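S.K.: Data: final29.cif, mmCIF, C-alpha atoms.
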```
data_model
#
loop_
_atom_site.label_atom_id
_atom_site.label_comp_id
_atom_site.auth_asym_id
_atom_site.auth_seq_id
_atom_site.Cartn_x
_atom_site.Cartn_y
_atom_site.Cartn_z
CA MET A 1 -22.61 50.55 257.39
CA ASN A 2 -25.70 49.75 255.35
CA ASP A 3 -24.80 49.20 251.72
CA GLY A 4 -28.44 49.22 250.66
CA ALA A 5 -28.68 45.42 250.51
CA ASN A 6 -31.76 43.84 252.04
CA PRO A 7 -30.51 42.04 255.19
CA THR A 8 -33.21 39.36 254.78
CA THR A 9 -31.47 38.13 251.62
CA THR A 10 -27.96 37.73 253.03
CA PRO A 11 -26.21 34.41 253.74
CA GLU A 12 -26.34 35.26 257.48
CA TRP A 13 -30.13 35.61 257.27
CA GLU A 14 -30.51 32.37 255.35
CA GLU A 15 -28.40 30.62 258.01
CA LEU A 16 -30.59 32.10 260.76
CA ILE A 17 -33.76 30.85 259.04
CA ALA A 18 -32.21 27.39 258.64
CA ASP A 19 -31.29 27.38 262.34
CA ALA A 20 -34.86 28.41 263.25
CA ASP A 21 -36.22 25.51 261.21
CA GLY A 22 -33.80 23.13 262.94
CA VAL A 23 -34.73 24.36 266.43
CA ALA A 24 -38.45 24.12 265.56
CA ALA A 25 -37.94 20.52 264.41
CA GLU A 26 -36.38 19.71 267.81
CA TYR A 27 -39.35 21.26 269.59
CA ARG A 28 -41.76 19.27 267.42
CA GLU A 29 -39.85 16.04 268.14
CA ASN A 30 -40.51 16.76 271.81
CA GLY A 31 -44.25 17.17 271.22
CA TRP A 32 -44.42 20.96 270.99
CA ASP A 33 -46.44 23.01 268.52
CA ALA A 34 -43.72 25.18 266.95
CA VAL A 35 -44.29 27.92 264.38
CA VAL A 36 -41.37 29.48 262.50
CA LEU A 37 -41.98 32.97 261.16
CA GLU A 38 -40.10 34.12 258.07
CA PRO A 39 -40.15 37.91 258.24
CA ILE A 40 -40.50 39.89 255.05
CA ASP A 41 -39.08 42.90 256.86
CA VAL A 42 -37.86 43.89 260.32
CA THR A 43 -37.92 47.59 261.12
CA PRO A 44 -37.22 49.59 264.26
CA VAL A 45 -40.39 51.50 265.22
CA GLU A 46 -40.91 54.32 267.68
CA GLN A 47 -44.33 55.90 267.33
CA GLY A 48 -45.97 57.06 270.55
CA ASP A 49 -46.49 54.08 272.83
CA GLN A 50 -45.39 51.66 270.11
CA SER A 51 -41.65 51.11 270.35
CA GLY A 52 -39.57 48.10 269.41
CA LEU A 53 -39.02 45.93 266.38
CA ASP A 54 -41.79 45.74 263.79
CA VAL A 55 -41.73 42.27 262.19
CA THR A 56 -43.77 41.99 258.98
CA ILE A 57 -44.89 38.50 257.92
CA VAL A 58 -47.29 37.03 255.36
CA LYS A 59 -50.98 37.04 256.32
CA SER A 60 -51.29 33.24 256.50
CA ALA A 61 -48.43 33.02 259.03
CA TYR A 62 -49.91 35.89 261.02
CA ASP A 63 -53.28 34.14 261.15
CA ARG A 64 -51.63 30.99 262.51
CA VAL A 65 -49.83 32.92 265.25
CA ALA A 66 -52.97 34.95 266.05
CA ASP A 67 -54.94 31.70 266.48
CA LEU A 68 -52.25 30.32 268.78
CA VAL A 69 -51.95 33.51 270.84
CA GLY A 70 -55.73 33.87 271.02
CA SER A 71 -56.21 30.37 272.43
CA ASP A 72 -57.31 30.23 276.07
CA ASP A 73 -54.84 27.38 276.58
CA VAL A 74 -51.77 29.39 275.56
CA SER A 75 -49.99 32.16 277.46
CA PHE A 76 -46.56 33.20 276.20
CA GLY A 77 -44.55 34.32 279.20
CA ASP A 78 -41.17 32.78 278.59
CA ALA A 79 -38.63 33.49 275.87
CA GLU A 80 -35.18 32.51 274.74
CA VAL A 81 -33.00 34.82 272.68
CA TYR A 82 -30.10 33.50 270.63
CA TYR A 83 -28.11 36.56 269.66
CA ARG A 84 -25.46 36.36 266.95
CA PRO A 85 -22.37 38.51 267.55
CA ALA A 86 -21.86 41.08 264.84
CA GLU A 87 -18.11 40.70 264.36
CA GLY A 88 -17.64 44.42 263.80
CA GLU A 89 -20.65 44.89 261.53
CA ASP A 90 -23.64 47.17 262.11
CA GLN A 91 -26.22 44.51 261.17
CA ARG A 92 -27.38 42.28 264.03
CA PHE A 93 -29.19 38.92 263.93
CA ALA A 94 -31.11 37.07 266.66
CA LEU A 95 -33.50 34.16 266.96
CA VAL A 96 -36.26 34.82 269.47
CA ILE A 97 -38.26 31.86 270.74
CA GLU A 98 -41.52 32.86 272.40
CA ARG A 99 -42.59 29.95 274.63
CA ASP A 100 -45.50 28.64 276.65
CA GLU A 101 -44.31 25.65 278.68
CA ARG A 102 -47.79 24.63 279.84
CA SER A 103 -49.29 24.21 276.37
CA GLU A 104 -45.91 23.30 274.81
CA SER A 105 -46.24 26.02 272.18
CA ALA A 106 -43.44 28.05 270.63
CA VAL A 107 -43.22 30.83 268.06
CA LEU A 108 -39.77 31.28 266.56
CA VAL A 109 -39.09 34.82 265.34
CA PRO A 110 -35.84 35.47 263.46
CA VAL A 111 -34.96 39.17 263.55
CA THR A 112 -32.30 41.39 262.05
CA TYR A 113 -31.65 45.07 262.63
CA ALA A 114 -29.02 47.69 261.90
CA LEU A 115 -27.76 48.96 265.22
CA SER A 116 -27.25 52.47 263.80
CA GLU A 117 -30.92 52.62 262.75
CA SER A 118 -32.35 51.06 265.91
CA ARG A 119 -30.26 52.73 268.61
CA ALA A 120 -33.11 54.95 269.90
CA VAL A 121 -35.41 51.92 270.15
CA PHE A 122 -32.85 49.94 272.16
CA GLU A 123 -31.91 52.87 274.40
CA ARG A 124 -35.60 53.30 275.29
CA ALA A 125 -36.02 49.54 275.77
CA LEU A 126 -33.04 49.42 278.11
CA ARG A 127 -34.37 52.37 280.15
CA GLU A 128 -37.87 50.88 280.36
CA GLU A 129 -36.67 47.26 280.65
CA ASP A 130 -39.05 46.30 277.86
CA LEU A 131 -38.27 45.51 274.24
CA GLN A 132 -41.39 44.82 272.25
CA ILE A 133 -41.55 42.75 269.09
CA HIS A 134 -44.63 43.67 267.03
CA VAL A 135 -45.56 40.87 264.65
CA ARG A 136 -47.92 42.04 261.93
CA PRO A 137 -49.20 40.99 258.53
CA GLU A 138 -48.39 42.96 255.39
CA ALA A 139 -50.64 45.93 254.66
CA ALA A 140 -52.61 45.66 257.90
CA ASP A 141 -52.90 47.74 261.06
CA GLU A 142 -53.15 44.79 263.45
CA TRP A 143 -50.29 43.21 265.36
CA ILE A 144 -49.34 40.82 268.12
CA VAL A 145 -46.85 42.04 270.70
CA PHE A 146 -44.24 39.92 272.43
CA SER A 147 -42.51 41.73 275.29
CA HIS A 148 -38.97 41.16 276.59
CA ASP A 149 -37.85 42.53 279.96
CA ASP A 150 -34.14 42.08 279.22
CA PRO A 151 -33.35 44.01 276.02
CA SER A 152 -29.62 43.54 276.62
CA LEU A 153 -30.03 39.99 275.23
CA PHE A 154 -30.39 41.63 271.79
CA LEU A 155 -27.13 43.59 272.05
CA GLU A 156 -23.45 43.23 272.67
CA GLU A 157 -22.03 44.64 275.89
CA SER A 158 -19.72 46.85 273.84
CA ASP A 159 -22.74 48.49 272.16
CA VAL A 160 -24.25 49.52 275.48
CA ARG A 161 -20.87 50.67 276.85
CA GLU A 162 -20.32 52.82 273.74
CA TRP A 163 -23.71 54.50 274.24
CA THR A 164 -23.16 55.21 277.93
CA ASP A 165 -19.53 56.32 277.48
CA GLY A 166 -20.20 58.43 274.37
#
```
What is this file in structure tokens?
M.R.:
Amino acid sequence: MNDGANPTTTPEWEELIADADGVAAEYRENGWDAVVLEPIDVTPVEQGDQSGLDVTIVKSAYDRVADLVGSDDVSFGDAEVYYRPAEGEDQRFALVIERDERSESAVLVPVTYALSESRAVFERALREEDLQIHVRPEAADEWIVFSHDDPSLFLEESDVREWTDG
């Protein structure tokens, strides 16, 4: 149930951001280039071929990620997803770490989404085995896409069972 509160201002969100900063610090201690994004908004999107989670960030952070992604030395092909169980709530939280082992680069993307509002996006992602995270700057029509071939990492088993049983 969404009570109208912005999920990016909740204690759970603040804890997720703090965890992202801590994980990034560990990466940096091991010699990695780690960028933590602090989304302004995370929205489910399903418009034509564009389906997934739309993550809006400030332009300066976007430029940094775009430079990293655009580098010939970097190819993000690995990811880790740290999903936080919802404990009966509709709002979900996850920390996604986009990784390139070869260049030792990581982009940490905290996300939150209301399951009731993003069900169609996740059902499509599960069918197509592809959940896309579109990172974009505010007020711009450009974005960077990170793709995940196991969307179930962003859900609880009970969510998927409920959809298939219902």
S.K.: Given the file above and the PyMOL selection byres ((chain A and resi 103) around 8), which residues are selected, and can you give them as a list in words?
M.R.: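 Evaluating the PyMOL selection byres ((chain A and resi 103) around 8) on this file yields Trp32, Asp73, Val74, Asp100, Glu101, Arg102, Glu104 and Ser105 of chain A.
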S.K.: Quick one: distance from atom CA of Leu155 of chain A to atom CA of Ala24 of chain A in Å, one decimal?
M.R.: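 Here the two named atoms are 23.4 Å from each other.
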S.K.: So what does the PyMOL selection byres ((chain A and resi 83) around 7) actually pick up in this one, as a VMD selection string?
M.R.: chain A and resid 81 to 82 84 to 85 93 to 95 153 to 154
S.K.: Between A:Glu80, A:Asp67, A:Asp149, A:Glu46, which one has atoms that come closest to Val109 of chain A, using all atoms listed in the file?
M.R.: A:Glu80
S.K.: Using only C-alpha atoms, can you tell me which of A:Leu115, A:Ala139, A:Val121, A:Ile97 comes closest to Glu156 of chain A?
M.R.: A:Leu115
S.K.: Just the residues within 9 Å of segment 52-65 of chain A, please, counting all atoms listed in the file, with nothing from its chain fewer than 4 positions along; format it as a PyMOL selection string.
M.R.: chain A and resi 35-46+69-70+107+109+111+113+118+121-122+124-125+130-138+140+143-144
S.K.: Write a file of the just-selected residues containing C-alpha atoms, as a short mmCIF file (atom, residue, chain, number, x, y, z; two decimals), in the coordinates of the input.
M.R.:
```cif
data_model
loop_
_atom_site.label_atom_id
_atom_site.label_comp_id
_atom_site.auth_asym_id
_atom_site.auth_seq_id
_atom_site.Cartn_x
_atom_site.Cartn_y
_atom_site.Cartn_z
CA VAL A 35 -44.29 27.92 264.38
CA VAL A 36 -41.37 29.48 262.50
CA LEU A 37 -41.98 32.97 261.16
CA GLU A 38 -40.10 34.12 258.07
CA PRO A 39 -40.15 37.91 258.24
CA ILE A 40 -40.50 39.89 255.05
CA ASP A 41 -39.08 42.90 256.86
CA VAL A 42 -37.86 43.89 260.32
CA THR A 43 -37.92 47.59 261.12
CA PRO A 44 -37.22 49.59 264.26
CA VAL A 45 -40.39 51.50 265.22
CA GLU A 46 -40.91 54.32 267.68
CA VAL A 69 -51.95 33.51 270.84
CA GLY A 70 -55.73 33.87 271.02
CA VAL A 107 -43.22 30.83 268.06
CA VAL A 109 -39.09 34.82 265.34
CA VAL A 111 -34.96 39.17 263.55
CA TYR A 113 -31.65 45.07 262.63
CA SER A 118 -32.35 51.06 265.91
CA VAL A 121 -35.41 51.92 270.15
CA PHE A 122 -32.85 49.94 272.16
CA ARG A 124 -35.60 53.30 275.29
CA ALA A 125 -36.02 49.54 275.77
CA ASP A 130 -39.05 46.30 277.86
CA LEU A 131 -38.27 45.51 274.24
CA GLN A 132 -41.39 44.82 272.25
CA ILE A 133 -41.55 42.75 269.09
CA HIS A 134 -44.63 43.67 267.03
CA VAL A 135 -45.56 40.87 264.65
CA ARG A 136 -47.92 42.04 261.93
CA PRO A 137 -49.20 40.99 258.53
CA GLU A 138 -48.39 42.96 255.39
CA ALA A 140 -52.61 45.66 257.90
CA TRP A 143 -50.29 43.21 265.36
CA ILE A 144 -49.34 40.82 268.12
#
```
S.K.: Using Å and a single decimal, report how far atom CA of Glu15 of chain A sits from atom CA of Leu126 of chain A.
M.R.: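 One can read the atom CA of Leu126 of chain A to atom CA of Glu15 of chain A distance as 27.9 Å.
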S.K.: Run the PyMOL selection byres ((chain A and resi 116) around 10) against the file shown and list the residues it catches, as a ChimeraX atom specification.
M.R.: /A:1-2,90-91,113-115,117-120
S.K.: May I have the selected residues written with C-alpha atoms, as a short mmCIF file (atom, residue, chain, number, x, y, z; two decimals), keeping the file's coordinate frame?
M.R.:
```
data_model
loop_
_atom_site.label_atom_id
_atom_site.label_comp_id
_atom_site.auth_asym_id
_atom_site.auth_seq_id
_atom_site.Cartn_x
_atom_site.Cartn_y
_atom_site.Cartn_z
CA MET A 1 -22.61 50.55 257.39
CA ASN A 2 -25.70 49.75 255.35
CA ASP A 90 -23.64 47.17 262.11
CA GLN A 91 -26.22 44.51 261.17
CA TYR A 113 -31.65 45.07 262.63
CA ALA A 114 -29.02 47.69 261.90
CA LEU A 115 -27.76 48.96 265.22
CA GLU A 117 -30.92 52.62 262.75
CA SER A 118 -32.35 51.06 265.91
CA ARG A 119 -30.26 52.73 268.61
CA ALA A 120 -33.11 54.95 269.90
#
```
S.K.: Can you measure atom CA of Ser71 of chain A to atom CA of Glu29 of chain A for me? One decimal in Å is fine.
M.R.: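 Between these atoms lies a distance of 22.2 Å.
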S.K.: Which residues are near Glu123 of chain A? Cut-off 10 Å, all atoms listed in the file, ignore same chain within fewer than 4 positions. Put them as an mmCIF file with C-alpha atoms, in the coordinates of the input.
M.R.:
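New file part-v4.cif:
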```cif
data_model
loop_
_atom_site.group_PDB
_atom_site.id
_atom_site.type_symbol
_atom_site.label_atom_id
_atom_site.label_comp_id
_atom_site.auth_asym_id
_atom_site.auth_seq_id
_atom_site.Cartn_x
_atom_site.Cartn_y
_atom_site.Cartn_z
ATOM 1 C CA SER A 118 -32.350 51.060 265.910
ATOM 2 C CA ARG A 119 -30.260 52.730 268.610
ATOM 3 C CA ARG A 127 -34.370 52.370 280.150
ATOM 4 C CA GLU A 128 -37.870 50.880 280.360
ATOM 5 C CA GLU A 129 -36.670 47.260 280.650
ATOM 6 C CA LEU A 131 -38.270 45.510 274.240
ATOM 7 C CA PRO A 151 -33.350 44.010 276.020
ATOM 8 C CA SER A 152 -29.620 43.540 276.620
ATOM 9 C CA VAL A 160 -24.250 49.520 275.480
ATOM 10 C CA TRP A 163 -23.710 54.500 274.240
ATOM 11 C CA THR A 164 -23.160 55.210 277.930
#
```
S.K.: Ranking A:Gly22, A:Gly31, A:Gly77, A:Pro11 by minimum distance to Ser147 of chain A and counting all atoms listed in the file, which one comes first?
M.R.: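 So, comparing all the options, the nearest one is A:Gly77.
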S.K.: Please identify all polymer residues within 6 Å of Arg99 of chain A, counting all atoms listed in the file, omitting same-chain residues fewer than 6 positions from it, and present them as a list in words.
M.R.: Phe76, Asp78, Ala79, Ser105 and Ala106 of chain A
S.K.: Will you give me segment 18-137 of chain A, written with C-alpha atoms and laid out as a compact mmCIF listing (two decimals), in the first residue's frame?
M.R.:
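The file below, out-v2.txt, is the result:
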```
# COMPACT_ATOMS: atom_id res chain seq x y z
CA ALA A 18 24.55 3.92 3.44
CA ASP A 19 25.10 0.25 2.56
CA ALA A 20 25.92 1.22 -1.04
CA ASP A 21 28.51 3.71 0.21
CA GLY A 22 30.02 1.02 2.47
CA VAL A 23 30.20 -1.55 -0.34
CA ALA A 24 31.75 1.05 -2.68
CA ALA A 25 34.39 1.83 -0.04
CA GLU A 26 35.30 -1.88 0.08
CA TYR A 27 35.63 -1.97 -3.71
CA ARG A 28 37.83 1.14 -3.63
CA GLU A 29 40.04 -0.41 -0.91
CA ASN A 30 40.60 -3.28 -3.35
CA GLY A 31 41.66 -0.90 -6.13
CA TRP A 32 38.36 -0.66 -8.01
CA ASP A 33 36.80 2.47 -9.49
CA ALA A 34 33.37 2.46 -7.80
CA VAL A 35 30.58 4.94 -8.46
CA VAL A 36 27.52 5.11 -6.19
CA LEU A 37 24.40 6.54 -7.77
CA GLU A 38 21.83 8.27 -5.58
CA PRO A 39 18.59 8.11 -7.54
CA ILE A 40 16.21 11.03 -7.39
CA ASP A 41 13.44 8.72 -8.56
CA VAL A 42 12.93 5.11 -9.60
CA THR A 43 9.92 4.41 -11.80
CA PRO A 44 8.67 1.31 -13.59
CA VAL A 45 8.56 2.04 -17.34
CA GLU A 46 6.93 0.14 -20.16
CA GLN A 47 6.90 2.12 -23.39
CA GLY A 48 7.37 0.14 -26.59
CA ASP A 49 10.77 -1.55 -26.51
CA GLN A 50 11.73 0.28 -23.32
CA SER A 51 10.71 -1.78 -20.32
CA GLY A 52 12.23 -1.97 -16.86
CA LEU A 53 13.15 0.41 -14.09
CA ASP A 54 13.82 4.03 -14.99
CA VAL A 55 16.43 5.43 -12.56
CA THR A 56 16.73 9.23 -12.59
CA ILE A 57 19.97 10.74 -11.29
CA VAL A 58 21.62 14.17 -11.30
CA LYS A 59 23.40 15.17 -14.52
CA SER A 60 26.89 15.21 -12.98
CA ALA A 61 26.52 11.59 -11.79
CA TYR A 62 25.13 10.58 -15.17
CA ASP A 63 28.10 12.16 -16.93
CA ARG A 64 30.50 10.18 -14.73
CA VAL A 65 28.74 6.89 -15.49
CA ALA A 66 28.49 7.74 -19.20
CA ASP A 67 32.25 8.37 -19.30
CA LEU A 68 32.90 5.06 -17.57
CA VAL A 69 30.51 3.09 -19.78
CA GLY A 70 31.82 4.81 -22.91
CA SER A 71 35.43 3.86 -22.18
CA ASP A 72 36.93 1.26 -24.51
CA ASP A 73 38.51 -0.39 -21.46
CA VAL A 74 35.21 -1.05 -19.67
CA SER A 75 32.53 -3.62 -20.48
CA PHE A 76 29.87 -4.24 -17.84
CA GLY A 77 28.80 -7.85 -18.15
CA ASP A 78 28.58 -8.98 -14.56
CA ALA A 79 26.21 -7.89 -11.81
CA GLU A 80 25.35 -8.63 -8.22
CA VAL A 81 21.90 -7.94 -6.81
CA TYR A 82 21.33 -7.59 -3.08
CA TYR A 83 17.58 -7.77 -2.64
CA ARG A 84 15.97 -6.73 0.63
CA PRO A 85 12.96 -8.81 1.68
CA ALA A 86 9.81 -6.74 1.98
CA GLU A 87 8.46 -8.19 5.22
CA GLY A 88 4.88 -7.97 4.00
CA GLU A 89 5.16 -4.51 2.48
CA ASP A 90 4.56 -3.55 -1.16
CA GLN A 91 7.74 -1.43 -1.43
CA ARG A 92 10.88 -3.31 -2.45
CA PHE A 93 14.54 -2.29 -2.15
CA ALA A 94 17.64 -3.68 -3.88
CA LEU A 95 21.26 -2.72 -4.41
CA VAL A 96 22.47 -3.54 -7.91
CA ILE A 97 26.20 -3.62 -8.53
CA GLU A 98 27.11 -3.44 -12.21
CA ARG A 99 30.66 -4.81 -12.56
CA ASP A 100 33.52 -5.11 -15.01
CA GLU A 101 36.14 -7.43 -13.52
CA ARG A 102 38.78 -6.70 -16.17
CA SER A 103 38.90 -2.94 -15.60
CA GLU A 104 37.89 -3.26 -11.93
CA SER A 105 35.00 -0.84 -12.38
CA ALA A 106 31.67 -0.90 -10.56
CA VAL A 107 28.51 1.19 -10.65
CA LEU A 108 26.29 0.77 -7.60
CA VAL A 109 22.62 1.45 -8.28
CA PRO A 110 20.22 1.46 -5.31
CA VAL A 111 16.64 0.91 -6.49
CA THR A 112 13.22 0.87 -4.90
CA TYR A 113 9.88 0.01 -6.45
CA ALA A 114 6.31 -0.70 -5.41
CA LEU A 115 5.50 -4.22 -6.51
CA SER A 116 1.87 -3.27 -7.22
CA GLU A 117 3.01 -0.54 -9.63
CA SER A 118 5.76 -2.55 -11.31
CA ARG A 119 4.10 -5.95 -11.70
CA ALA A 120 3.68 -5.67 -15.50
CA VAL A 121 7.35 -4.72 -15.88
CA PHE A 122 8.50 -7.71 -13.83
CA GLU A 123 6.11 -10.15 -15.51
CA ARG A 124 7.50 -9.09 -18.91
CA ALA A 125 11.08 -9.26 -17.60
CA LEU A 126 10.53 -12.78 -16.28
CA ARG A 127 9.01 -13.91 -19.61
CA GLU A 128 11.83 -12.34 -21.64
CA GLU A 129 14.56 -13.15 -19.08
CA ASP A 130 15.70 -9.54 -19.22
CA LEU A 131 15.16 -6.78 -16.69
CA GLN A 132 16.57 -3.49 -17.87
CA ILE A 133 17.65 -0.65 -15.63
CA HIS A 134 17.62 2.65 -17.53
CA VAL A 135 19.87 5.22 -15.84
CA ARG A 136 19.15 8.74 -17.04
CA PRO A 137 19.75 12.33 -16.04
```
